[in-house]
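Pasting query-v4.txt here (compact mmCIF, C-alpha atoms and all ligand atoms):
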```txt
# COMPACT_ATOMS: atom_id res chain seq x y z
CA MET X 1 89.57 268.84 223.53
CA ILE X 2 92.01 269.74 220.77
CA LYS X 3 93.96 271.77 223.27
CA THR X 4 94.42 268.90 225.70
CA LEU X 5 95.27 266.59 222.85
CA LEU X 6 97.88 269.03 221.64
CA TYR X 7 99.24 269.35 225.13
CA CYS X 8 99.63 265.67 225.87
CA SER X 9 100.61 264.49 222.44
CA PRO X 10 103.43 265.98 220.46
CA LEU X 11 102.77 263.49 217.66
CA LEU X 12 99.18 264.58 217.25
CA ALA X 13 100.22 268.19 217.46
CA VAL X 14 102.61 267.71 214.57
CA LEU X 15 99.94 265.87 212.60
CA LEU X 16 97.26 268.46 213.17
CA LEU X 17 99.57 271.34 212.41
CA SER X 18 100.91 269.75 209.27
CA ASN X 19 97.41 268.83 208.13
CA SER X 20 96.19 272.36 208.54
CA ARG X 21 99.07 273.58 206.39
CA THR X 22 99.03 271.05 203.61
CA GLN X 23 95.52 270.02 202.58
CA LEU X 24 95.71 266.38 201.64
CA SER X 25 93.81 265.36 198.56
CA PRO X 26 90.77 263.19 199.46
CA GLU X 27 92.35 260.00 198.08
CA THR X 28 95.55 260.06 200.12
CA ALA X 29 95.53 258.80 203.67
CA ALA X 30 97.76 260.22 206.39
CA PRO X 31 101.25 258.69 206.37
CA ASP X 32 101.40 257.57 210.00
CA LEU X 33 97.95 256.20 210.73
CA LEU X 34 99.37 253.10 212.36
CA ALA X 35 101.34 255.20 214.87
CA ARG X 36 98.20 257.24 215.63
CA TYR X 37 96.30 254.04 216.26
CA GLY X 38 99.17 252.97 218.50
CA GLN X 39 98.92 256.21 220.42
CA TYR X 40 95.26 255.44 221.03
CA ILE X 41 96.21 251.98 222.38
CA PHE X 42 98.85 253.59 224.60
CA ALA X 43 96.12 255.76 226.18
CA ARG X 44 93.54 252.96 226.31
CA GLU X 45 95.95 250.63 228.14
CA ASP X 46 96.77 253.45 230.56
CA CYS X 47 100.51 253.24 229.82
CA GLN X 48 100.82 256.86 230.97
CA HIS X 49 99.93 255.67 234.47
CA CYS X 50 103.56 254.57 234.78
CA HIS X 51 105.21 256.46 231.92
CA THR X 52 106.02 259.98 230.87
CA LEU X 53 107.30 261.20 227.50
CA ASN X 54 109.39 263.90 229.12
CA VAL X 55 112.53 262.92 230.95
CA ASP X 56 112.20 265.92 233.28
CA LYS X 57 108.89 264.58 234.61
CA ALA X 58 110.30 261.13 235.38
CA ASP X 59 110.48 260.09 239.03
CA ALA X 60 110.22 256.95 241.17
CA ASP X 61 106.70 256.29 239.83
CA LEU X 62 107.00 257.54 236.26
CA VAL X 63 109.45 255.81 233.92
CA SER X 64 110.55 258.00 231.01
CA LEU X 65 109.95 256.87 227.44
CA ASP X 66 111.45 260.11 226.16
CA GLY X 67 113.46 259.46 222.99
CA LEU X 68 112.43 255.80 222.86
CA GLY X 69 112.41 255.95 219.05
CA GLY X 70 115.53 254.32 217.64
CA LYS X 71 116.61 252.88 220.98
CA TYR X 72 115.62 249.28 220.33
CA PRO X 73 115.13 246.93 217.38
CA LEU X 74 111.45 246.37 216.48
CA SER X 75 111.57 242.77 217.67
CA TRP X 76 112.65 244.01 221.09
CA PHE X 77 109.33 245.86 221.46
CA TYR X 78 107.47 242.81 220.22
CA TYR X 79 108.87 240.49 222.90
CA TYR X 80 108.97 243.11 225.62
CA LEU X 81 105.26 243.90 225.36
CA ASP X 82 104.40 240.21 225.35
CA ASP X 83 106.54 239.42 228.39
CA PRO X 84 109.05 242.00 229.69
CA ARG X 85 110.74 239.40 231.86
CA SER X 86 111.75 237.39 228.81
CA LEU X 87 114.19 240.22 228.03
CA SER X 88 114.88 241.71 231.43
CA PRO X 89 114.54 239.20 234.29
CA TYR X 90 113.75 241.73 237.04
CA SER X 91 111.41 243.94 235.06
CA ASN X 92 108.45 245.51 236.87
CA MET X 93 106.71 246.34 233.65
CA PRO X 94 103.37 244.47 233.26
CA SER X 95 102.91 242.21 230.23
CA PHE X 96 100.32 242.94 227.55
CA PRO X 97 99.90 239.63 225.70
CA HIS X 98 96.37 240.44 224.47
CA LEU X 99 97.81 243.06 222.10
CA HIS X 100 99.41 240.21 220.18
CA VAL X 101 96.01 238.53 219.72
CA ASP X 102 93.51 241.39 219.33
CA THR X 103 93.30 242.92 215.88
CA LEU X 104 92.90 246.46 214.57
CA ARG X 105 89.27 247.53 214.10
CA ARG X 106 87.76 249.82 211.54
CA PRO X 107 85.22 251.42 213.96
CA THR X 108 88.14 252.25 216.28
CA LEU X 109 90.02 253.92 213.44
CA GLU X 110 86.90 255.89 212.64
CA GLN X 111 86.67 257.05 216.25
CA ILE X 112 90.36 258.04 216.31
CA ILE X 113 89.95 260.10 213.16
CA ARG X 114 86.70 261.66 214.36
CA GLU X 115 88.41 262.86 217.53
CA SER X 116 91.60 264.13 215.93
CA ASN X 117 90.76 265.38 212.46
CA PRO X 118 87.12 264.90 211.31
CA ASP X 119 87.99 266.18 207.81
CA GLU X 120 89.75 262.88 207.21
CA LEU X 121 86.49 260.95 207.67
CA ALA X 122 85.67 261.61 204.03
CA ARG X 123 88.43 259.18 203.05
CA LEU X 124 87.84 256.54 205.70
CA ASN X 125 87.99 253.72 203.15
CA ALA X 126 91.40 254.80 201.93
CA SER X 127 92.58 255.31 205.52
CA TRP X 128 91.50 251.83 206.56
CA SER X 129 93.34 250.20 203.62
CA GLU X 130 96.35 252.37 204.33
CA LEU X 131 96.32 251.35 208.01
CA LEU X 132 96.31 247.67 207.08
CA ARG X 133 99.06 248.22 204.54
CA GLN X 134 101.22 249.93 207.16
CA ALA X 135 100.54 247.07 209.57
CA ASP X 136 101.64 244.56 206.90
CA THR X 137 104.85 246.49 206.26
CA LEU X 138 105.72 246.49 209.95
CA LYS X 139 104.84 242.82 210.23
CA ALA X 140 107.28 242.07 207.38
CA GLN X 141 109.99 244.12 209.11
CA LEU X 142 109.45 242.11 212.29
CA GLU X 143 109.68 238.89 210.30
CA ASN X 144 113.06 240.02 209.01
CA GLU X 145 114.12 240.17 212.64
CA GLY X 146 112.73 236.70 213.27
CA ALA X 147 109.54 237.70 215.15
CA PHE X 148 106.21 236.54 213.74
CA ALA X 149 103.29 238.80 214.58
CA LYS X 150 99.66 237.99 213.89
CA ASN X 151 98.18 239.72 210.83
CA GLY X 152 96.77 243.14 211.69
CA SER X 153 97.36 242.68 215.42
CA GLU X 154 97.20 245.67 217.78
CA VAL X 155 100.78 245.21 218.90
CA LEU X 156 101.89 246.36 215.43
CA ALA X 157 100.22 249.73 215.96
CA LEU X 158 101.65 250.15 219.43
CA ILE X 159 105.15 249.36 218.13
CA ALA X 160 104.64 251.88 215.31
CA TYR X 161 103.86 254.49 217.95
CA LEU X 162 106.66 253.58 220.37
CA ARG X 163 109.34 253.41 217.72
CA GLN X 164 108.83 257.04 216.72
CA ILE X 165 108.67 258.66 220.18
CA PRO X 166 111.15 261.50 219.67
CA SER X 167 113.59 263.00 222.14
CA SER X 168 112.31 266.12 223.89
CA PRO X 169 114.63 269.16 223.94
CA GLU X 170 115.30 268.37 227.63
CA LYS X 171 116.35 264.84 226.71
CA LEU X 172 118.70 266.05 223.98
CA VAL X 173 120.49 268.31 226.44
CA ARG X 174 120.78 265.53 228.99
CA ASP X 175 122.04 263.09 226.39
CA SER X 176 124.82 265.36 225.32
CA ILE X 177 125.94 266.02 228.90
CA GLU X 178 125.69 262.35 229.83
CA HIS X 179 127.51 261.37 226.68
CA GLN X 180 130.38 263.75 227.42
CA GLN X 181 130.65 262.44 230.97
CA PHE X 182 130.53 258.89 229.70
CA LEU X 183 133.37 259.53 227.24
CA LEU X 184 135.48 261.16 229.92
CA GLN X 185 134.82 258.34 232.38
CA GLN X 186 135.80 255.81 229.75
CA GLN X 187 139.04 257.62 229.07
CA VAL X 188 139.88 257.74 232.77
CA LEU X 189 139.01 254.10 233.14
CA GLN X 190 141.07 253.02 230.13
CA ALA X 191 144.01 255.01 231.47
CA GLN X 192 143.66 253.43 234.93
CA LEU X 193 143.44 249.94 233.48
CA LYS X 194 146.88 250.47 231.93
CA ASP X 195 148.52 252.17 234.90
CA PRO X 196 149.75 249.77 237.65
CA ASN X 197 149.85 252.70 240.11
CA SER X 198 146.25 253.74 239.48
CA ALA X 199 143.66 253.64 242.26
CA LEU X 200 141.81 250.98 240.30
CA LEU X 201 144.66 248.48 239.89
CA LYS X 202 146.21 249.18 243.30
CA THR X 203 142.85 248.47 244.94
CA ALA X 204 142.29 245.44 242.75
CA ASN X 205 145.57 243.91 243.90
CA ASP X 206 145.10 244.73 247.60
CA SER X 207 143.55 241.80 249.47
CA LYS X 208 142.49 244.11 252.34
CA GLN X 209 139.96 245.68 249.95
CA ALA X 210 138.10 242.39 249.47
CA LYS X 211 135.76 242.96 252.41
CA GLN X 212 134.41 246.23 251.05
CA GLY X 213 134.22 244.61 247.62
CA GLY X 214 132.10 241.84 249.14
CA ARG X 215 129.62 244.44 250.36
CA LEU X 216 129.36 245.96 246.90
CA PHE X 217 129.00 242.49 245.45
CA ARG X 218 126.09 241.55 247.70
CA THR X 219 124.20 244.75 246.82
CA ASN X 220 124.84 244.85 243.11
CA CYS X 221 125.93 241.50 241.75
CA GLN X 222 124.67 238.54 243.73
CA ALA X 223 121.24 238.57 242.08
CA CYS X 224 122.91 237.30 238.90
CA HIS X 225 126.18 235.78 240.14
CA GLY X 226 124.90 233.95 243.23
CA GLU X 227 125.30 234.65 246.92
CA ASN X 228 128.90 233.48 247.04
CA GLY X 229 129.81 234.14 243.45
CA GLY X 230 128.94 230.60 242.37
CA GLY X 231 126.91 231.83 239.43
CA GLY X 232 123.25 232.04 238.37
CA VAL X 233 122.07 234.06 235.39
CA GLY X 234 125.70 235.15 235.18
CA PRO X 235 128.73 232.86 235.26
CA ASN X 236 130.48 231.33 238.25
CA LEU X 237 133.18 233.80 239.35
CA THR X 238 135.00 231.41 241.71
CA ASP X 239 136.39 228.93 239.18
CA ALA X 240 139.43 229.23 236.93
CA TYR X 241 137.40 229.65 233.74
CA TRP X 242 136.70 233.05 232.24
CA LEU X 243 134.70 234.23 229.25
CA HIS X 244 136.31 237.65 229.19
CA GLY X 245 139.69 237.03 230.80
CA GLY X 246 140.77 236.42 234.40
CA LYS X 247 143.54 239.01 234.84
CA PRO X 248 142.63 241.77 237.30
CA GLU X 249 142.56 244.38 234.56
CA GLU X 250 140.40 242.12 232.38
CA ILE X 251 137.90 241.50 235.19
CA ALA X 252 137.86 245.24 235.94
CA HIS X 253 137.23 245.93 232.27
CA THR X 254 134.27 243.51 232.20
CA ILE X 255 132.74 245.07 235.30
CA ALA X 256 133.15 248.64 234.13
CA MET X 257 132.15 248.18 230.50
CA GLY X 258 129.77 245.25 230.92
CA VAL X 259 128.67 242.91 228.17
CA PRO X 260 125.28 244.56 227.67
CA GLU X 261 124.23 242.41 224.71
CA ARG X 262 124.73 239.29 226.88
CA GLY X 263 122.93 240.52 229.99
CA MET X 264 125.89 241.87 231.97
CA ILE X 265 125.21 245.55 232.60
CA SER X 266 128.05 248.04 232.62
CA TRP X 267 128.86 249.67 235.95
CA GLN X 268 130.04 253.05 234.76
CA SER X 269 128.41 254.62 237.80
CA MET X 270 131.03 253.00 240.04
CA THR X 271 134.24 254.78 240.88
CA PRO X 272 137.54 253.19 239.81
CA THR X 273 138.17 252.36 243.48
CA GLU X 274 134.86 250.52 243.76
CA VAL X 275 135.59 248.52 240.63
CA GLY X 276 139.00 247.71 242.14
CA GLN X 277 137.34 246.54 245.38
CA LEU X 278 135.07 244.22 243.43
CA VAL X 279 138.06 242.73 241.63
CA ALA X 280 139.80 242.21 244.99
CA TYR X 281 136.68 240.45 246.30
CA ILE X 282 136.42 238.22 243.22
CA HIS X 283 140.09 237.32 243.69
CA SER X 284 139.39 236.41 247.33
CA ILE X 285 136.66 233.88 246.47
CA LYS X 286 138.74 232.15 243.84
CA GLY X 287 138.69 228.37 244.27
CA SER X 288 136.13 228.57 247.11
CA LYS X 289 133.81 226.04 245.40
CA PRO X 290 130.51 227.36 246.85
CA LYS X 291 127.57 224.95 247.08
CA GLY X 292 125.55 224.63 243.87
CA ALA X 293 128.18 226.46 241.83
CA LYS X 294 127.53 226.71 238.12
CA GLU X 295 129.56 224.61 235.69
CA PRO X 296 132.59 226.40 234.19
CA GLN X 297 132.16 228.67 231.17
CA GLY X 298 134.86 230.08 228.93
CA ASN X 299 138.56 229.33 228.90
CA LEU X 300 140.87 228.04 231.58
CA PHE X 301 142.91 230.89 232.96
CA ASN X 302 146.23 230.29 234.68
CA ASP X 303 147.62 233.23 236.60
CA GLU X 304 150.70 231.40 237.85
C1 LIG X 401 102.29 249.47 236.34
C2 LIG X 401 103.27 250.29 235.68
C3 LIG X 401 103.49 250.17 234.19
C4 LIG X 401 102.54 250.20 233.18
C5 LIG X 401 101.02 250.28 233.30
C6 LIG X 401 103.30 250.17 231.95
N1 LIG X 401 104.63 250.12 232.19
FE1 LIG X 401 106.11 250.17 230.83
N2 LIG X 401 107.50 250.02 232.29
C7 LIG X 401 107.23 250.01 233.64
C8 LIG X 401 108.48 249.98 234.38
C9 LIG X 401 108.62 249.96 235.89
C10 LIG X 401 109.51 249.99 233.41
C11 LIG X 401 111.01 250.06 233.70
C12 LIG X 401 111.82 248.94 233.25
C13 LIG X 401 111.44 247.59 233.78
O1 LIG X 401 111.14 247.43 234.99
O2 LIG X 401 111.47 246.68 232.93
C14 LIG X 401 108.86 250.00 232.11
C15 LIG X 401 109.53 250.02 230.90
C16 LIG X 401 108.92 250.17 229.67
C17 LIG X 401 109.64 250.24 228.42
C18 LIG X 401 111.14 250.18 228.24
C19 LIG X 401 111.70 251.56 228.34
C20 LIG X 401 113.18 251.60 228.09
O3 LIG X 401 113.67 252.69 227.77
O4 LIG X 401 113.85 250.56 228.23
C21 LIG X 401 108.70 250.38 227.43
C22 LIG X 401 108.95 250.50 225.95
C23 LIG X 401 107.42 250.39 228.07
N3 LIG X 401 107.59 250.25 229.43
C24 LIG X 401 106.23 250.52 227.40
C25 LIG X 401 104.98 250.45 228.01
C26 LIG X 401 103.73 250.48 227.29
C27 LIG X 401 103.61 250.62 225.79
C28 LIG X 401 102.74 250.37 228.21
C29 LIG X 401 101.25 250.28 227.98
C30 LIG X 401 100.82 249.27 227.01
C31 LIG X 401 103.38 250.29 229.52
N4 LIG X 401 104.73 250.33 229.35
C32 LIG X 401 102.70 250.19 230.71
C33 LIG X 401 105.99 250.06 234.22
C34 LIG X 401 104.80 250.11 233.55
C1 LIG X 402 121.50 241.33 235.47
C2 LIG X 402 122.44 240.29 235.72
C3 LIG X 402 123.86 240.64 236.11
C4 LIG X 402 124.26 241.49 237.11
C5 LIG X 402 123.42 242.32 238.05
C6 LIG X 402 125.70 241.43 237.13
N1 LIG X 402 126.14 240.57 236.16
FE1 LIG X 402 128.08 240.09 235.78
N2 LIG X 402 127.48 238.93 234.22
C7 LIG X 402 126.18 238.67 233.88
C8 LIG X 402 126.15 237.81 232.71
C9 LIG X 402 124.90 237.30 232.00
C10 LIG X 402 127.50 237.59 232.36
C11 LIG X 402 128.03 236.76 231.19
C12 LIG X 402 128.26 237.65 230.00
C13 LIG X 402 128.63 236.84 228.80
O1 LIG X 402 128.06 235.75 228.57
O2 LIG X 402 129.50 237.31 228.04
C14 LIG X 402 128.30 238.30 233.35
C15 LIG X 402 129.70 238.31 233.35
C16 LIG X 402 130.47 238.85 234.35
C17 LIG X 402 131.91 238.76 234.44
C18 LIG X 402 132.79 238.05 233.44
C19 LIG X 402 132.88 236.59 233.76
C20 LIG X 402 133.76 235.86 232.80
O3 LIG X 402 133.62 234.63 232.77
O4 LIG X 402 134.56 236.48 232.10
C21 LIG X 402 132.29 239.41 235.57
C22 LIG X 402 133.70 239.56 236.09
C23 LIG X 402 131.10 239.93 236.19
N3 LIG X 402 130.01 239.57 235.43
C24 LIG X 402 131.09 240.65 237.35
C25 LIG X 402 129.95 241.28 237.85
C26 LIG X 402 129.98 242.20 238.99
C27 LIG X 402 131.19 242.53 239.80
C28 LIG X 402 128.69 242.62 239.14
C29 LIG X 402 128.16 243.63 240.14
C30 LIG X 402 128.81 244.92 240.15
C31 LIG X 402 127.88 241.98 238.13
N4 LIG X 402 128.67 241.18 237.36
C32 LIG X 402 126.51 242.13 238.00
C33 LIG X 402 125.05 239.13 234.50
C34 LIG X 402 125.04 240.06 235.53
```
Would you write the structure of this file as C-alpha cells?
Amino acid sequence: MIKTLLYCSPLLAVLLLSNSRTQLSPETAAPDLLARYGQYIFAREDCQHCHTLNVDKADADLVSLDGLGGKYPLSWFYYYLDDPRSLSPYSNMPSFPHLHVDTLRRPTLEQIIRESNPDELARLNASWSELLRQADTLKAQLENEGAFAKNGSEVLALIAYLRQIPSSPEKLVRDSIEHQQFLLQQQVLQAQLKDPNSALLKTANDSKQAKQGGRLFRTNCQACHGENGGGGVGPNLTDAYWLHGGKPEEIAHTIAMGVPERGMISWQSMTPTEVGQLVAYIHSIKGSKPKGAKEPQGNLFNDE
C-alpha cells in the first residue's frame, strides 16, 4: 500500500519521508493537510483517468498537469473546476460544480490520515482544526482575487493540491529547451518584422499568398474570427478598425505573439512565411463586408 502510494504520489512521498525524519510533536498538525485532502479528492473524482503528473507520460488521452503549481492564479482554478468553458470556450475538460457545494468532512480526514500516516491519528482534533484553518486562509486568498468560495468547500482542498503540483525533472528539462527555442523564435520574428526583405513581410505583401493564407485561416482561426473573417469570439478582421494596429507588420505581430490575456492565442508554432500568408489573406478580405459581420472594435486605421 505505502509503496503504491509512494509511487503514484510525489507529494505523499515527501510527506511520509519528512515525517519519518522529523517527529512532529503531538499538538502540531501537518502543514499541508488541505493539499493532502485535495489529493484524495483528485483520486476520488478519477482525475487521473485523463491526467498525468509527468509530462513524459502525456499523450492524446492523458493531459499533463506536470508543473501546474504557479501556472495560474487561484481564482483561475476556482472558475475552471466549476465550468472550464467559462475560461476556455472549446475545453473538453468536464465540470465539477459539486466540489463548490460539498464540504470537507472529518471522517474523510480521519480516513486519509489512517491510510497515509496512522501515527497522526493521535492528534486528529488538532488536524481537523488545522484543516479548517487552512481552508479559511485559501478562501480569503480567493476573495482577494474576487472569487467567493463556500466555507470549507471541497474545491478549496482540490485547489490547494493543484496549486502545489511541482515540475518533474523531465518537465524542467523540457521547459528550458522550449524556453530557449521560444526566445530564439521571438528574436527571429522581431528581426523579420523590421526587415522589409524578410520572408514574413515579403509574403505578407504578396497578394498571391492570400489563397494559402485562407487555408491556414480556415483551419486555425475561423472558429473565433468567423468563416469569412467577419468576427465571433474574436474581432471582425474585414473592417477598417483595429485593436492592435492594421499595418501588415502590426497584424503579423498580433498573430505571432497573440494577446493571450484577452483570448487570442499566440501562434509561435507557425513559420514566418505562414504568418505572412495569413496577413496576405486578411488583407485580401478587407472591406468584403461578410454577412453577420461583427460591429467594429478599436481604432479606425487608414493605410492610404
Ligand atoms: C474526461 C477527461 C477529464 C477528466 C476526468 C478531468 N479532466 Fe482535466 N482536463 C481534461 C482535458 C481534455 C484538458 C485539456 C484542456 C481543455 O480541454 O480545457 C484538461 C485540463 C485540465 C486543467 C488545466 C491544465 C492546464 O495546464 O491548463 C486542469 C487544472 C485540470 N484539467 C484539472 C482536472 C481535475 C482536478 C480533475 C478531476 C477533478 C480533472 N481535470 C478531470 C480532461 C479531463
Ligand atoms: C480562441 C479564439 C481565437 C483564435 C483561435 C484566434 N483568435 Fe485572433 N483574436 C481572438 C480575440 C479574442 C482577439 C481580440 C483580442 C483583444 O481583445 O485584444 C483576437 C484578435 C486578433 C487580431 C487583432 C485584431 C485587431 O483588431 O487588432 C488578429 C489580427 C487576429 N486575432 C488574427 C488571428 C489569426 C490569423 C488566427 C489564426 C491563426 C487567430 N486570430 C485565431 C481570438 C482568437
Discussion item. I'd like the contact shell of Glu249 of chain X - 10 Å cut-off, only C-alpha atoms, skipping same-chain residues fewer than 5 positions apart - returned as a PyMOL selection string.
Written reply: chain X and resi 190+192-196+200-201+204-205+254-255+276+279
Could you please take those selected residues and save C-alpha atoms as a short mmCIF file (atom, residue, chain, number, x, y, z; two decimals), keeping the file's coordinate frame?
```
data_model
loop_
_atom_site.label_atom_id
_atom_site.label_comp_id
_atom_site.auth_asym_id
_atom_site.auth_seq_id
_atom_site.Cartn_x
_atom_site.Cartn_y
_atom_site.Cartn_z
CA GLN X 190 141.07 253.02 230.13
CA GLN X 192 143.66 253.43 234.93
CA LEU X 193 143.44 249.94 233.48
CA LYS X 194 146.88 250.47 231.93
CA ASP X 195 148.52 252.17 234.90
CA PRO X 196 149.75 249.77 237.65
CA LEU X 200 141.81 250.98 240.30
CA LEU X 201 144.66 248.48 239.89
CA ALA X 204 142.29 245.44 242.75
CA ASN X 205 145.57 243.91 243.90
CA THR X 254 134.27 243.51 232.20
CA ILE X 255 132.74 245.07 235.30
CA GLY X 276 139.00 247.71 242.14
CA VAL X 279 138.06 242.73 241.63
#
```
Practice prompt. Grab me every residue within 7 Å of ligand LIG 401 (chain X), counting all atoms listed in the file, and send it over as a VMD selection string.
Written response: chain X and resid 42 45 to 51 63 to 65 68 77 81 84 88 90 to 94 96 158 162
Practice prompt. Tell me, in Å to one decimal, how far atom C32 of ligand LIG 402 (chain X) is from atom CA of Ala223 of chain X.
Written response: 7.6 Å
Worksheet item: Between atom CA of Trp76 of chain X and atom C26 of ligand LIG 402 (chain X), what is the spacing in Å?
Response: 25.0 Å
Worksheet entry | Exercise: segment 170-172 of chain X partners within 10 Å, only C-alpha atoms, chain neighbours under 2 positions left out, as a list in words |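 So, after excluding close chain neighbours, the residues are Leu53, Asn54, Val55, Asp56, Ser64, Asp66, Gly67, Pro166, Ser167, Ser168, Arg174, Asp175, Ser176, Ile177 and Glu178 of chain X.
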Discussion item. If the limit is 7 Å from any atom of ligand LIG 402 (chain X), counting all atoms listed in the file, which residues qualify? Return them as a ChimeraX atom specification.
Written reply: /X:216-217,220-225,233-235,237,241-246,251,254-255,259,262-265,267,278,297-298
Writing out the chosen residues with C-alpha atoms as a PDB file, in the coordinates of the input:
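Okay, this is what ended up in again02.pdb:
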```pdb
ATOM      1  CA  LEU X 216     129.360 245.960 246.900  1.00  0.00           C
ATOM      2  CA  PHE X 217     129.000 242.490 245.450  1.00  0.00           C
ATOM      3  CA  ASN X 220     124.840 244.850 243.110  1.00  0.00           C
ATOM      4  CA  CYS X 221     125.930 241.500 241.750  1.00  0.00           C
ATOM      5  CA  GLN X 222     124.670 238.540 243.730  1.00  0.00           C
ATOM      6  CA  ALA X 223     121.240 238.570 242.080  1.00  0.00           C
ATOM      7  CA  CYS X 224     122.910 237.300 238.900  1.00  0.00           C
ATOM      8  CA  HIS X 225     126.180 235.780 240.140  1.00  0.00           C
ATOM      9  CA  VAL X 233     122.070 234.060 235.390  1.00  0.00           C
ATOM     10  CA  GLY X 234     125.700 235.150 235.180  1.00  0.00           C
ATOM     11  CA  PRO X 235     128.730 232.860 235.260  1.00  0.00           C
ATOM     12  CA  LEU X 237     133.180 233.800 239.350  1.00  0.00           C
ATOM     13  CA  TYR X 241     137.400 229.650 233.740  1.00  0.00           C
ATOM     14  CA  TRP X 242     136.700 233.050 232.240  1.00  0.00           C
ATOM     15  CA  LEU X 243     134.700 234.230 229.250  1.00  0.00           C
ATOM     16  CA  HIS X 244     136.310 237.650 229.190  1.00  0.00           C
ATOM     17  CA  GLY X 245     139.690 237.030 230.800  1.00  0.00           C
ATOM     18  CA  GLY X 246     140.770 236.420 234.400  1.00  0.00           C
ATOM     19  CA  ILE X 251     137.900 241.500 235.190  1.00  0.00           C
ATOM     20  CA  THR X 254     134.270 243.510 232.200  1.00  0.00           C
ATOM     21  CA  ILE X 255     132.740 245.070 235.300  1.00  0.00           C
ATOM     22  CA  VAL X 259     128.670 242.910 228.170  1.00  0.00           C
ATOM     23  CA  ARG X 262     124.730 239.290 226.880  1.00  0.00           C
ATOM     24  CA  GLY X 263     122.930 240.520 229.990  1.00  0.00           C
ATOM     25  CA  MET X 264     125.890 241.870 231.970  1.00  0.00           C
ATOM     26  CA  ILE X 265     125.210 245.550 232.600  1.00  0.00           C
ATOM     27  CA  TRP X 267     128.860 249.670 235.950  1.00  0.00           C
ATOM     28  CA  LEU X 278     135.070 244.220 243.430  1.00  0.00           C
ATOM     29  CA  GLN X 297     132.160 228.670 231.170  1.00  0.00           C
ATOM     30  CA  GLY X 298     134.860 230.080 228.930  1.00  0.00           C
TER      31      GLY X 298
END
```
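Closest to Arg44 of chain X among X:Asn299, X:Thr108, X:Ser86, X:Gln187 is X:Thr108, based on only C-alpha atoms.
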Discussion item. So, with all atoms listed in the file as the atoms that count, which of X:Lys57, X:His253, X:Arg114, X:Arg85 lies closest to Leu189 of chain X?
Written reply: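 Result for the nearest residue to Leu189 of chain X: X:His253.
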Practice prompt. Would you mind telling me which residue in X:Ser284, X:Asn228, X:Asn302, X:Asn151 lies nearest to His100 of chain X when using only C-alpha atoms?
Written response: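 Among X:Ser284, X:Asn228, X:Asn302, X:Asn151, it is X:Asn151 that comes nearest to His100 of chain X.
A search radius of 10 Å centred on (136.3, 233.6, 245.5), applied to all atoms listed in the file, returns the residues Ala210, Gly214, Asn228, Gly229, Gly230, Asn236, Leu237, Thr238, Asp239, Ala280, Tyr281, Ile282, His283, Ser284, Ile285, Lys286, Gly287, Ser288, Lys289 and Pro290 of chain X.
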Response to the item:
Closest of X:Leu104, X:Val173, X:Ala199, X:Leu131 to Ser153 of chain X, counting all atoms listed in the file, is X:Leu104
Discussion item. Quick check, in Å to one decimal: how far apart do atom CA of Asp119 of chain X and atom CA of Gly69 of chain X lie?
Written reply: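 Calculated distance between atom CA of Asp119 of chain X and atom CA of Gly69 of chain X is 28.8 Å.
The residue that comes closest to Gly292 of chain X, out of X:Gly226, X:Ile112, X:Gln185, X:Arg218 and on the basis of only C-alpha atoms, is X:Gly226.
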